[in-house]
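S.K.: Just one file: run22.txt, with compact mmCIF, C-alpha atoms.
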# COMPACT_ATOMS: atom_id res chain seq x y z
CA MET A 1 -9.91 -19.02 54.52
CA ARG A 2 -10.25 -17.82 50.95
CA ASN A 3 -6.48 -18.14 50.45
CA LEU A 4 -6.28 -21.84 51.31
CA THR A 5 -5.42 -24.32 48.58
CA ILE A 6 -6.84 -27.83 48.45
CA GLY A 7 -3.69 -28.99 50.25
CA GLY A 8 -4.17 -26.38 52.96
CA LEU A 9 -7.79 -27.43 53.40
CA LYS A 10 -6.66 -31.03 53.82
CA LEU A 11 -4.45 -29.95 56.72
CA ALA A 12 -7.15 -27.68 58.13
CA LEU A 13 -9.81 -30.40 58.21
CA ARG A 14 -7.43 -32.92 59.74
CA ASP A 15 -6.73 -30.48 62.56
CA LEU A 16 -10.36 -29.51 63.05
CA LEU A 17 -11.88 -33.00 62.86
CA ASP A 18 -9.08 -35.06 64.42
CA GLU A 19 -7.05 -32.93 66.81
CA ARG A 20 -9.93 -30.67 67.90
CA ALA A 21 -12.84 -33.09 67.63
CA ASP A 22 -13.74 -32.80 71.32
CA GLU A 23 -13.76 -29.01 71.16
CA LEU A 24 -15.79 -29.13 67.96
CA ARG A 25 -18.53 -31.13 69.70
CA LEU A 26 -18.86 -28.68 72.57
CA SER A 27 -21.24 -26.60 70.47
CA ALA A 28 -24.53 -27.57 68.89
CA THR A 29 -23.27 -25.93 65.70
CA GLY A 30 -20.15 -28.09 65.72
CA ARG A 31 -22.19 -31.25 66.16
CA LEU A 32 -24.46 -30.18 63.31
CA TYR A 33 -21.64 -29.38 60.89
CA GLU A 34 -19.29 -32.25 61.79
CA PRO A 35 -20.88 -34.85 59.44
CA ARG A 36 -20.83 -32.39 56.53
CA LEU A 37 -17.21 -31.48 57.18
CA ARG A 38 -16.20 -35.13 57.45
CA SER A 39 -17.90 -35.85 54.14
CA LYS A 40 -15.84 -33.12 52.46
CA GLN A 41 -12.72 -34.37 54.22
CA LYS A 42 -13.20 -37.79 52.63
CA GLU A 43 -13.50 -36.20 49.19
CA ILE A 44 -10.28 -34.25 49.70
CA GLU A 45 -8.38 -37.21 51.13
CA ALA A 46 -9.37 -39.25 48.07
CA ILE A 47 -7.62 -36.81 45.72
CA PRO A 48 -4.22 -38.15 44.55
CA ASP A 49 -1.27 -36.21 45.92
CA ALA A 50 -0.22 -35.25 42.40
CA ALA A 51 -3.61 -33.76 41.59
CA GLY A 52 -3.40 -30.57 43.62
CA THR A 53 -1.57 -28.70 40.90
CA GLN A 54 -1.89 -27.74 37.25
CA ALA A 55 1.46 -29.51 36.67
CA PRO A 56 1.17 -32.93 38.34
CA LEU A 57 4.35 -34.86 39.16
CA ALA A 58 6.49 -31.72 38.94
CA ARG A 59 8.75 -32.83 41.79
CA GLU A 60 9.18 -36.33 40.38
CA LEU A 61 9.98 -34.97 36.93
CA SER A 62 12.48 -32.52 38.36
CA GLU A 63 14.27 -35.29 40.26
CA ALA A 64 14.34 -37.53 37.18
CA ASP A 65 15.69 -34.65 35.10
CA VAL A 66 18.47 -33.94 37.62
CA ARG A 67 19.56 -37.57 37.39
CA HIS A 68 19.34 -37.58 33.60
CA ASP A 69 21.32 -34.37 33.22
CA GLY A 70 23.92 -35.37 35.80
CA ILE A 71 24.70 -38.67 34.09
CA GLY A 72 24.70 -36.97 30.69
CA ALA A 73 27.18 -34.34 31.85
CA ALA A 74 29.43 -37.04 33.32
CA ILE A 75 29.43 -38.89 29.99
CA PHE A 76 30.20 -35.71 28.07
CA PHE A 77 33.13 -34.60 30.22
CA LEU A 78 34.61 -38.09 30.56
CA CYS A 79 34.62 -38.49 26.80
CA LYS A 80 36.15 -35.04 26.34
CA ALA A 81 38.85 -35.85 28.91
CA ILE A 82 39.71 -39.11 27.17
CA GLU A 83 39.83 -37.35 23.82
CA ALA A 84 42.18 -34.68 25.18
CA HIS A 85 44.56 -36.98 27.07
CA PRO A 86 47.74 -37.58 25.02
CA SER A 87 48.50 -41.03 26.45
CA VAL A 88 45.15 -42.77 25.92
CA ALA A 89 45.09 -45.46 23.23
CA ARG A 90 43.70 -44.43 19.86
CA GLU A 91 40.90 -47.01 19.88
CA ILE A 92 39.72 -45.84 23.33
CA LYS A 93 39.70 -42.25 22.12
CA ALA A 94 37.68 -43.29 19.09
CA ALA A 95 35.18 -45.18 21.27
CA ALA A 96 34.78 -42.21 23.62
CA ALA A 97 34.35 -39.80 20.72
CA ALA A 98 31.71 -42.04 19.14
CA ALA A 99 29.83 -42.30 22.44
CA GLN A 100 29.90 -38.57 23.03
CA GLN A 101 28.66 -37.77 19.53
CA ALA A 102 25.92 -40.39 19.70
CA PHE A 103 24.49 -39.67 23.15
CA VAL A 104 25.61 -36.21 24.33
CA PRO A 105 26.88 -34.36 21.25
CA LYS A 106 26.72 -31.07 23.15
CA LEU A 107 25.66 -29.94 26.61
CA ASP A 108 22.62 -28.15 25.19
CA VAL A 109 20.81 -31.48 24.88
CA LEU A 110 20.77 -31.62 28.69
CA ARG A 111 18.85 -28.34 28.81
CA ALA A 112 16.16 -29.51 26.42
CA PRO A 113 12.47 -29.82 27.42
CA TYR A 114 11.41 -33.02 29.16
CA ALA A 115 9.68 -34.33 26.04
CA ASP A 116 12.81 -33.88 23.93
CA GLU A 117 14.94 -35.73 26.49
CA ALA A 118 12.43 -38.58 26.58
CA SER A 119 12.36 -38.73 22.78
CA ALA A 120 16.16 -38.78 22.62
CA ALA A 121 16.23 -41.75 24.99
CA LEU A 122 13.93 -43.65 22.64
CA ASP A 123 16.11 -42.77 19.66
CA ASN A 124 19.28 -43.75 21.53
CA ARG A 125 18.21 -47.31 22.33
CA PRO A 126 19.48 -48.70 18.98
CA GLU A 127 22.76 -46.77 19.39
CA LEU A 128 23.25 -48.31 22.82
CA THR A 129 23.08 -51.76 21.22
CA ARG A 130 25.22 -50.83 18.22
CA LEU A 131 28.04 -49.33 20.29
CA LYS A 132 27.93 -51.87 23.12
CA ALA A 133 31.42 -53.28 22.49
CA GLU A 134 33.03 -49.85 22.15
CA LEU A 135 31.32 -48.57 25.30
CA LYS A 136 32.41 -51.59 27.33
CA ALA A 137 36.02 -50.92 26.30
CA VAL A 138 36.01 -47.52 28.03
CA ALA A 139 36.57 -47.76 31.78
CA THR A 140 34.88 -45.35 34.19
CA PRO A 141 35.74 -44.31 37.76
CA GLY A 142 34.55 -46.91 40.22
CA GLY A 143 35.44 -49.93 38.13
CA GLY A 144 32.58 -49.92 35.64
CA SER A 145 32.42 -49.12 31.96
CA LEU A 146 31.00 -46.35 29.83
CA HIS A 147 28.31 -48.78 28.70
CA GLU A 148 26.83 -48.75 32.22
CA TRP A 149 26.82 -44.95 32.30
CA VAL A 150 25.14 -44.65 28.92
CA LYS A 151 22.61 -47.34 29.80
CA ALA A 152 21.72 -45.41 32.97
CA PHE A 153 21.47 -42.19 30.94
CA VAL A 154 19.04 -43.74 28.47
CA SER A 155 17.04 -45.30 31.32
CA ALA A 156 16.78 -41.88 32.97
CA GLY A 157 15.27 -40.54 29.76
CA ASP A 158 12.83 -43.45 29.73
CA GLU A 159 11.80 -42.57 33.29
CA ILE A 160 11.04 -39.01 32.20
CA ASP A 161 8.86 -40.45 29.44
CA LYS A 162 6.93 -42.59 31.94
CA LEU A 163 6.33 -39.60 34.19
CA LEU A 164 5.15 -37.48 31.27
CA ARG A 165 2.66 -40.17 30.31
CA ARG A 166 1.42 -40.38 33.90
CA ARG A 167 1.02 -36.60 33.96
CA ALA A 168 -0.98 -36.73 30.73
CA THR A 169 -3.29 -39.34 32.26
CA LEU A 170 -3.86 -37.23 35.37
CA LEU A 171 -4.65 -34.17 33.30
CA ALA A 172 -6.89 -36.08 30.89
CA THR A 173 -8.95 -37.60 33.70
CA GLY A 174 -9.43 -34.21 35.34
CA GLU A 175 -7.47 -35.08 38.47
CA ASN A 176 -5.82 -31.69 38.74
CA ALA A 177 -6.26 -28.24 40.22
CA ALA A 178 -8.88 -27.25 37.66
CA ALA A 179 -11.08 -30.17 38.68
CA THR A 180 -10.55 -29.66 42.41
CA GLY A 181 -11.56 -26.00 42.21
CA PRO A 182 -15.29 -26.62 42.81
CA LEU A 183 -14.52 -28.88 45.78
CA ARG A 184 -12.18 -26.27 47.24
CA GLY A 185 -14.86 -23.61 46.87
CA ALA A 186 -17.46 -25.84 48.50
CA VAL A 187 -15.23 -26.57 51.51
CA VAL A 188 -14.27 -22.93 51.99
CA GLY A 189 -17.95 -21.99 51.84
CA LEU A 190 -18.92 -24.72 54.30
CA LEU A 191 -16.25 -23.64 56.77
CA GLY A 192 -17.37 -20.03 56.42
CA ARG A 193 -21.01 -20.88 57.14
CA PHE A 194 -19.98 -23.04 60.09
CA ARG A 195 -17.91 -20.22 61.52
CA GLU A 196 -20.71 -17.68 61.18
CA ALA A 197 -23.23 -20.01 62.81
CA LEU A 198 -20.79 -20.84 65.60
CA ARG A 199 -20.21 -17.15 66.23
CA ASP A 200 -23.97 -16.64 66.57
CA GLU A 201 -24.21 -19.51 69.07
CA ILE A 202 -21.35 -18.11 71.16
CA GLN A 203 -23.04 -14.69 71.27
CA GLU A 204 -26.44 -16.08 72.25
CA GLU A 205 -27.65 -15.07 75.69
CA GLY A 206 -26.94 -17.82 78.18
CA SER A 207 -24.37 -19.59 75.98
CA ARG A 208 -21.91 -21.68 77.98
CA LEU A 209 -19.28 -21.60 75.26
CA PRO A 210 -16.15 -19.61 76.18
CA ALA A 211 -15.67 -16.33 74.35
CA ASP A 212 -12.48 -17.57 72.69
CA HIS A 213 -14.01 -20.87 71.53
CA GLU A 214 -14.15 -19.79 67.88
CA ALA A 215 -10.58 -18.46 67.94
CA ARG A 216 -9.23 -21.70 69.43
CA LEU A 217 -11.17 -23.89 67.04
CA PHE A 218 -10.02 -21.98 63.97
CA ALA A 219 -6.50 -21.16 65.20
CA TYR A 220 -4.68 -23.51 62.82
CA ILE A 221 -6.95 -22.66 59.90
CA ASP A 222 -6.32 -18.95 60.43
CA LYS A 223 -2.57 -19.58 60.65
CA LEU A 224 -2.56 -21.51 57.36
CA ASN A 225 -4.60 -18.79 55.69
CA ALA A 226 -2.33 -16.01 56.99
CA ASP A 227 0.80 -17.84 55.87
CA ARG A 228 -0.67 -18.33 52.43
CA GLU A 229 -1.63 -14.67 52.20
CA ARG A 230 1.86 -13.55 53.23
CA GLY A 231 3.34 -15.86 50.62
CA GLY A 232 1.23 -14.19 47.95
CA ARG A 233 2.30 -10.73 49.06
CA GLY A 234 5.94 -11.78 48.91
CA ARG A 235 5.89 -11.95 45.12
CA ALA A 236 7.86 -9.36 43.22
CA VAL A 237 5.93 -6.16 42.63
CA PRO A 238 6.78 -4.04 39.58
CA ALA A 239 8.11 -0.56 40.19
CA PRO A 240 5.33 2.05 40.25
CA THR A 241 4.81 4.12 37.12
CA PRO A 242 5.38 7.85 37.70
CA ALA A 243 2.20 9.90 37.76
CA PRO A 244 1.49 12.03 34.68
CA GLY A 245 3.41 15.28 34.90
CA ALA A 246 5.72 14.04 37.64
CA PRO A 247 9.43 14.78 37.06
CA ALA A 248 11.37 11.80 35.81
CA ALA A 249 14.14 10.38 37.97
CA PRO A 250 17.58 11.62 36.86
CA ALA A 251 19.72 9.20 34.91
CA PRO A 252 22.74 7.79 36.75
CA GLY A 253 25.58 10.31 36.65
CA ALA A 254 23.39 13.11 35.33
CA PRO A 255 23.88 16.55 36.92
CA THR A 256 21.30 17.52 39.50
CA ALA A 257 20.08 20.78 40.92
CA PRO A 258 22.60 22.82 42.95
CA GLY A 259 23.08 21.45 46.44
CA GLN A 260 21.83 17.97 45.52
CA PRO A 261 24.19 14.98 45.26
CA THR A 262 24.92 13.50 41.89
CA ALA A 263 23.26 10.16 41.22
CA PRO A 264 25.82 7.36 41.55
CA VAL A 265 27.09 5.68 38.43
CA GLU A 266 27.11 1.89 38.36
CA PRO A 267 30.45 0.51 37.19
CA ALA A 268 30.35 -1.19 33.81
CA PRO A 269 30.31 -4.99 34.08
CA GLU A 270 33.50 -6.78 33.21
CA GLU A 271 33.68 -8.44 29.83
CA PRO A 272 32.83 -12.15 30.12
CA VAL A 273 35.53 -14.68 29.47
CA VAL A 274 34.93 -16.26 26.09
CA VAL A 275 35.70 -19.96 25.80
CA SER A 276 36.63 -21.18 22.35
CA ASP A 277 34.70 -24.46 22.76
CA PRO A 278 31.08 -23.57 23.63
CA ASP A 279 30.51 -26.99 25.22
CA LEU A 280 33.42 -26.76 27.68
Could I get this file's structure written as structure tokens?

M.R.:
Amino acid sequence: MRNLTIGGLKLALRDLLDERADELRLSATGRLYEPRLRSKQKEIEAIPDAAGTQAPLARELSEADVRHDGIGAAIFFLCKAIEAHPSVAREIKAAAAAAQQAFVPKLDVLRAPYADEASAALDNRPELTRLKAELKAVATPGGGSLHEWVKAFVSAGDEIDKLLRRRATLLATGENAAATGPLRGAVVGLLGRFREALRDEIQEEGSRLPADHEARLFAYIDKLNADRERGGRGRAVPAPTPAPGAPAAPAPGAPTAPGQPTAPVEPAPEEPVVVSDPDL
């Protein structure tokens, strides 16, 4: 159980106290520990969903960023297409060029940190008002205008700002993984003590509890713990360092001892295609 996160413990207690409540009460130990476990369950259930991590609202921020960057890229490439097309009116080209330079001067701005994107949205509000007429003159696919696209782009940056402020509040009030650590430790400890006491009751002479009672009661908890442990093992492990005095591995293509195959040589990567415009 030591591998379970606060989210895993939430699932574990729901299973133990809701789905397996009747089995839990078969033992005197279960009846003794049930009120304590339910008390801890209430504490865990009261934790906001965003608080179980050191980076609250990560999913929401990622989704907002995808929207922000998608709209920004659409603005950039539409303006570039208008600028390149030989038959588009000069004033439309000028409007598109002004919009692109004001809001998405280069694609790198779409890879900026969240805070920079939120700050840019704040700075772009006056530009949205100043260029309103020019933006409305540029049509977009679907029957709208570039003004609507840029307005949505700025609003997406504002949404990132709101989420960042919410994250700051969560972190400042301690509603995060650092604050839930003591509660997690207390619940893991309580479950461990319950399990040990239950095991003693099962092994008592004359006990009517089935031998597999503990295994059935903790089946889901053990599964969650095992899955979490396997997930931790699945992380990349660095290559082992050769022991002192051990022969070094031959370099690719280097000659080897007689009778041994030559180490294969990896083909050199092809030269990348260089585009003259770094933003296209």

S.K.: Neighbourhood query: residues within 10 Å of (-5.3, -18.7, 59.1), file coordinates, counting all atoms listed in the file; return as a ChimeraX atom specification.

M.R.: /A:1-4,8,12,218-229

S.K.: Identify, on the basis of all atoms listed in the file, every residue whose closest approach to A:Ala121 does not exceed 9 Å; exclude the query and any residue fewer than 6 positions from it along the same chain; express the result as a list in words.

M.R.: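 The residues satisfying every condition are Phe103, Phe153, Val154, Ser155, Ala156, Gly157, Asp158 and Asp161 of chain A.
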
S.K.: Could you name the residues that touch stretch 63-71 of chain A at 9 Å or less, counting only C-alpha atoms, but leaving out those on the same chain fewer than 4 positions away, as a PyMOL selection string?

M.R.: chain A and resi 58-59+75-76+109-111+114+117+149-150+152-157+159-160+163

S.K.: Keeping C-alpha atoms for every residue in the selection just given, could you write it to a file as a short mmCIF file (atom, residue, chain, number, x, y, z; two decimals), in the coordinates of the input?

M.R.:
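The result, stored in selection01.cif:
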data_model
loop_
_atom_site.label_atom_id
_atom_site.label_comp_id
_atom_site.auth_asym_id
_atom_site.auth_seq_id
_atom_site.Cartn_x
_atom_site.Cartn_y
_atom_site.Cartn_z
CA ALA A 58 6.49 -31.72 38.94
CA ARG A 59 8.75 -32.83 41.79
CA ILE A 75 29.43 -38.89 29.99
CA PHE A 76 30.20 -35.71 28.07
CA VAL A 109 20.81 -31.48 24.88
CA LEU A 110 20.77 -31.62 28.69
CA ARG A 111 18.85 -28.34 28.81
CA TYR A 114 11.41 -33.02 29.16
CA GLU A 117 14.94 -35.73 26.49
CA TRP A 149 26.82 -44.95 32.30
CA VAL A 150 25.14 -44.65 28.92
CA ALA A 152 21.72 -45.41 32.97
CA PHE A 153 21.47 -42.19 30.94
CA VAL A 154 19.04 -43.74 28.47
CA SER A 155 17.04 -45.30 31.32
CA ALA A 156 16.78 -41.88 32.97
CA GLY A 157 15.27 -40.54 29.76
CA GLU A 159 11.80 -42.57 33.29
CA ILE A 160 11.04 -39.01 32.20
CA LEU A 163 6.33 -39.60 34.19
#

S.K.: Out of A:Arg125, A:Arg130, A:His85, A:Arg38, which residue has the shortest atom-to-atom distance to A:Ala98 when counting only C-alpha atoms?

M.R.: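 Of A:Arg125, A:Arg130, A:His85, A:Arg38, the one nearest A:Ala98, counting only C-alpha atoms, is A:Arg130.
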
S.K.: Looking at all atoms listed in the file, which of A:Leu107, A:Ile92, A:Ala102, A:Leu17 is the one that sits closest to A:Phe77?

M.R.: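 Going through A:Leu107, A:Ile92, A:Ala102, A:Leu17 one by one, the smallest distance to A:Phe77 is for A:Leu107.
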
S.K.: Would you mind reading off the distance between atom CA of A:Cys79 and atom CA of A:Ala97, one decimal, in Å?

M.R.: 6.2 Å

S.K.: Using only C-alpha atoms, can you tell me which of A:Ala215, A:Leu57, A:Ala74, A:Leu146 comes closest to A:Glu23?

M.R.: A:Ala215

S.K.: Provide the atom CA of A:Glu91 to atom CA of A:Ala133 distance in Å, to one decimal place.

M.R.: 11.7 Å

S.K.: Under the rule that all atoms listed in the file are counted, which of A:Glu83, A:Glu134, A:Asp123, A:Asp22 is the nearest residue to A:Ala99?

M.R.: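 Nearest to A:Ala99: A:Glu134.
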
S.K.: Which of these, A:Gly72, A:Gly189, A:Pro86, A:Gly206, has the shortest distance to A:Lys40 once you count all atoms listed in the file?

M.R.: A:Gly189

S.K.: As an exercise, work out the distance from atom CA of A:Leu171 to atom CA of A:Gln41 in Å and give it to one decimal place.

M.R.: 22.4 Å

S.K.: What lies within 10 Å of A:Ala81 using all atoms listed in the file, ignoring chain neighbours under 6 positions off, as an mmCIF file with C-alpha atoms, in the coordinates of the input?

M.R.:
data_model
loop_
_atom_site.group_PDB
_atom_site.id
_atom_site.type_symbol
_atom_site.label_atom_id
_atom_site.label_comp_id
_atom_site.auth_asym_id
_atom_site.auth_seq_id
_atom_site.Cartn_x
_atom_site.Cartn_y
_atom_site.Cartn_z
ATOM 1 C CA ILE A 75 29.430 -38.890 29.990
ATOM 2 C CA VAL A 88 45.150 -42.770 25.920
ATOM 3 C CA LYS A 93 39.700 -42.250 22.120
ATOM 4 C CA ALA A 96 34.780 -42.210 23.620
#

S.K.: Choose the residue, out of A:Glu204, A:Lys151, A:Arg14, A:Ala118, that has the smallest atom-to-atom separation from A:Lys132; count all atoms listed in the file.

M.R.: A:Lys151
